[in-house]
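Reading through the structure tokens given below for one structure.
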Amino acid sequence: MRFKKTAGILLLTSVLLTACNNDDEYIGNYSDGLQQLQKIEGPTQAIGQKIEKLENSKKAPIEKISGSNIPDVQNEIQQVLDKDQQIAKEVNKEEAIVKKSKKKFNDFKNEVSHIEDEEKQKAFEKYNQTIETRYDKHEDYIKGYKDVVNKEQDLFKYLQGQSGTQEIVDQKSKALNESRKKLSNNVKAYTDAIKKSQRAQRDVQQYLNE
């Protein structure tokens, strides 16, 4: 009887160790996936800095355009349009990178469904949800940014025309301001999503370090 009891304990221990080893494998695969995401998304930091620099470079010509006689500031109007074209290219680059990141995430996110430790699995599933939300909010941010650039180009191209009315300028300016407000909300939502994802990551970090 003692031998059977001992054998039962050994069998149970073997099962638990096997489950633990399997969890380590799945978590390891997941960790490798996260590292690949970091490599894919790495260039977005430089892109963000370039966009910020381009946005700042528009401030002086826009300030000069404001309240001026439009025929006298055609050079400044063209400067703004040129900067917007460069910004649009950078936004497209970021969009492509994040789409690639999302595709890679979809390749390994289901590793967490195989984790047998309930506490660990719950933590990783929560982290997955925050990452998916981050991708969704980034899509909204990109759409909002593109809309702002398009409306700004629409306004300044109109100002390049030989004829125009103040009424149309006001309409286009209003549409641009509304688009900027929406983008501001999208940026806040995206920033909040990043913060939530970072908090969820801290909850799984202990398992990733094991």
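Residue numbering restarts at 1 in every chain; chains get A, B, ... in the order shown in the structure tokens, and ligands count up from 1 in that same order.
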If you take only C-alpha atoms and a cut-off of 10 Å, which residues of segment 105-169 of chain A touch segment 55-74 of chain A, and what are their nearest atom pairs and distances in Å to one decimal, in chain and number order, as JSON lines?
{"residue": "A:Phe156", "atom": "CA", "partner": "A:Gln74", "partner_atom": "CA", "distance": 9.5}
{"residue": "A:Leu159", "atom": "CA", "partner": "A:Ile70", "partner_atom": "CA", "distance": 6.9}
{"residue": "A:Gln160", "atom": "CA", "partner": "A:Gln74", "partner_atom": "CA", "distance": 6.7}
{"residue": "A:Gly161", "atom": "CA", "partner": "A:Pro71", "partner_atom": "CA", "distance": 9.5}
{"residue": "A:Gln162", "atom": "CA", "partner": "A:Pro71", "partner_atom": "CA", "distance": 8.6}
Exercise. Please provide as a list in words all residues within 8 Å of segment 133-138 of chain A, with the sequence filter that same-chain residues fewer than 2 positions apart are discarded (counting only C-alpha atoms).
Key: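 That gives Val98, Lys102, Gln129, Thr130, Ile131, Asp140, Tyr141, Ile142, Asn186, Ala189, Tyr190, Ala193, Ile194 and Ser197 of chain A.
With only C-alpha atoms as the atoms that count, the minimum distance from Val187 of chain A to the choices A:Tyr127, A:Tyr30, A:Tyr145, A:Phe108 is reached by A:Tyr145.
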Practice problem: Would you mind listing what lies within 8 Å of segment 40-48 of chain A as a VMD selection string, with only C-alpha atoms counted and same-chain residues fewer than 6 positions away left out? | Solution: chain A and resid 90 to 91 93 to 94 97 to 98 100 to 101
Quiz item: Which one is closest to Asp147 of chain A: A:Glu116, A:Glu210, A:Glu178, A:Asp24? Count only C-alpha atoms.
Solution: A:Glu178
Quiz item: When you draw a straight line from atom CA of Asp154 of chain A to atom CA of Ser173 of chain A, how long is it in Å?
Solution: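 So the answer is 9.5 Å.
Using only C-alpha atoms, the smallest distance between any of A:Leu176, A:Asp170, A:Lys103, A:Tyr158 and Leu81 of chain A comes from A:Tyr158.
The nearest approach to Asn22 of chain A among the residues A:Thr191, A:Ser113, A:Gln38, A:Asn75, with only C-alpha atoms taken into account, belongs to A:Ser113.
Take atom CA of Tyr207 of chain A and atom CA of Phe124 of chain A: the distance between them is 9.4 Å.
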Quiz item: If we count only C-alpha atoms, what is near Lys126 of chain A at a cut-off of 12 Å, once residues fewer than 5 positions away on the same chain are taken out, given as a list of chain:residue names?
Solution: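 So, after excluding close chain neighbours, the residues are A:Lys109, A:Val112, A:Ser113, A:Glu119, A:Lys120, A:Gln121, A:Ile131, A:Glu132, A:Thr133, A:Lys196, A:Ser197, A:Gln198, A:Arg199, A:Ala200, A:Gln201, A:Arg202, A:Asp203, A:Val204.
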Practice problem: Excluding Leu208 of chain A and any residue of its chain fewer than 2 positions from it, enumerate the residues within 8 Å of it, using only C-alpha atoms, and give them as a list in words. | Solution: Ile27, Gly28, Ser31, Val204, Gln205, Gln206 and Glu210 of chain A
Near-Asn150 of chain A list (12 Å; only C-alpha atoms; drop same-chain fewer than 6 positions) as a PDB file with C-alpha atoms, in the first residue's frame:
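Contents of selection.pdb, as written:
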ATOM      1  CA  LEU A  81       1.597  71.813 -48.303  1.00  0.00           C
ATOM      2  CA  ASP A  84       1.981  67.942 -45.116  1.00  0.00           C
ATOM      3  CA  GLN A  85       3.069  65.684 -47.960  1.00  0.00           C
ATOM      4  CA  ILE A  87       3.992  64.047 -42.874  1.00  0.00           C
ATOM      5  CA  ALA A  88       1.561  61.898 -44.876  1.00  0.00           C
ATOM      6  CA  LYS A 143      -7.267  57.536 -39.544  1.00  0.00           C
ATOM      7  CA  GLY A 144      -7.662  60.746 -37.561  1.00  0.00           C
ATOM      8  CA  PHE A 156      -4.320  75.490 -48.277  1.00  0.00           C
ATOM      9  CA  LYS A 157      -4.775  74.269 -51.848  1.00  0.00           C
ATOM     10  CA  LYS A 172     -12.796  74.490 -44.669  1.00  0.00           C
ATOM     11  CA  ALA A 175     -13.825  71.290 -40.893  1.00  0.00           C
ATOM     12  CA  LEU A 176     -10.076  71.259 -40.165  1.00  0.00           C
ATOM     13  CA  SER A 179     -10.894  67.081 -37.427  1.00  0.00           C
ATOM     14  CA  ARG A 180      -8.096  68.252 -35.125  1.00  0.00           C
TER      15      ARG A 180
END
Exercise. Determine, counting only C-alpha atoms, which protein, DNA and RNA residues have an atom within 12 Å of an atom of Asn177 of chain A; residues of the same chain fewer than 5 positions away are not included. Present the result as a ChimeraX atom specification.
Key: /A:147-149,151-152,155,170-172,182-184
Deliver the residues from the most recent selection as a file, using C-alpha atoms, as a PDB file, in the first residue's frame.
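Written output follows (again-v8.pdb):
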ATOM      1  CA  ASP A 147      -8.069  63.173 -42.023  1.00  0.00           C
ATOM      2  CA  VAL A 148      -6.355  66.202 -40.483  1.00  0.00           C
ATOM      3  CA  VAL A 149      -3.646  66.201 -43.151  1.00  0.00           C
ATOM      4  CA  LYS A 151      -8.364  68.688 -44.618  1.00  0.00           C
ATOM      5  CA  GLU A 152      -5.355  70.922 -44.074  1.00  0.00           C
ATOM      6  CA  LEU A 155      -7.756  74.329 -47.136  1.00  0.00           C
ATOM      7  CA  ASP A 170     -14.317  79.543 -43.120  1.00  0.00           C
ATOM      8  CA  GLN A 171     -16.063  76.255 -43.935  1.00  0.00           C
ATOM      9  CA  LYS A 172     -12.796  74.490 -44.669  1.00  0.00           C
ATOM     10  CA  LYS A 182     -11.236  64.350 -33.105  1.00  0.00           C
ATOM     11  CA  LEU A 183      -7.542  63.568 -33.541  1.00  0.00           C
ATOM     12  CA  SER A 184      -6.834  64.973 -30.082  1.00  0.00           C
TER      13      SER A 184
END
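Computed from the coordinates, the atom CA of Ser163 of chain A to atom CA of Val80 of chain A distance equals 19.7 Å.
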Self-check item: Secondary structure check, alpha helix (DSSP H) residues of segment 37-199 of chain A, as a PyMOL selection string
Solution: chain A and resi 37-41+44-65+74-108+118-159+166-199
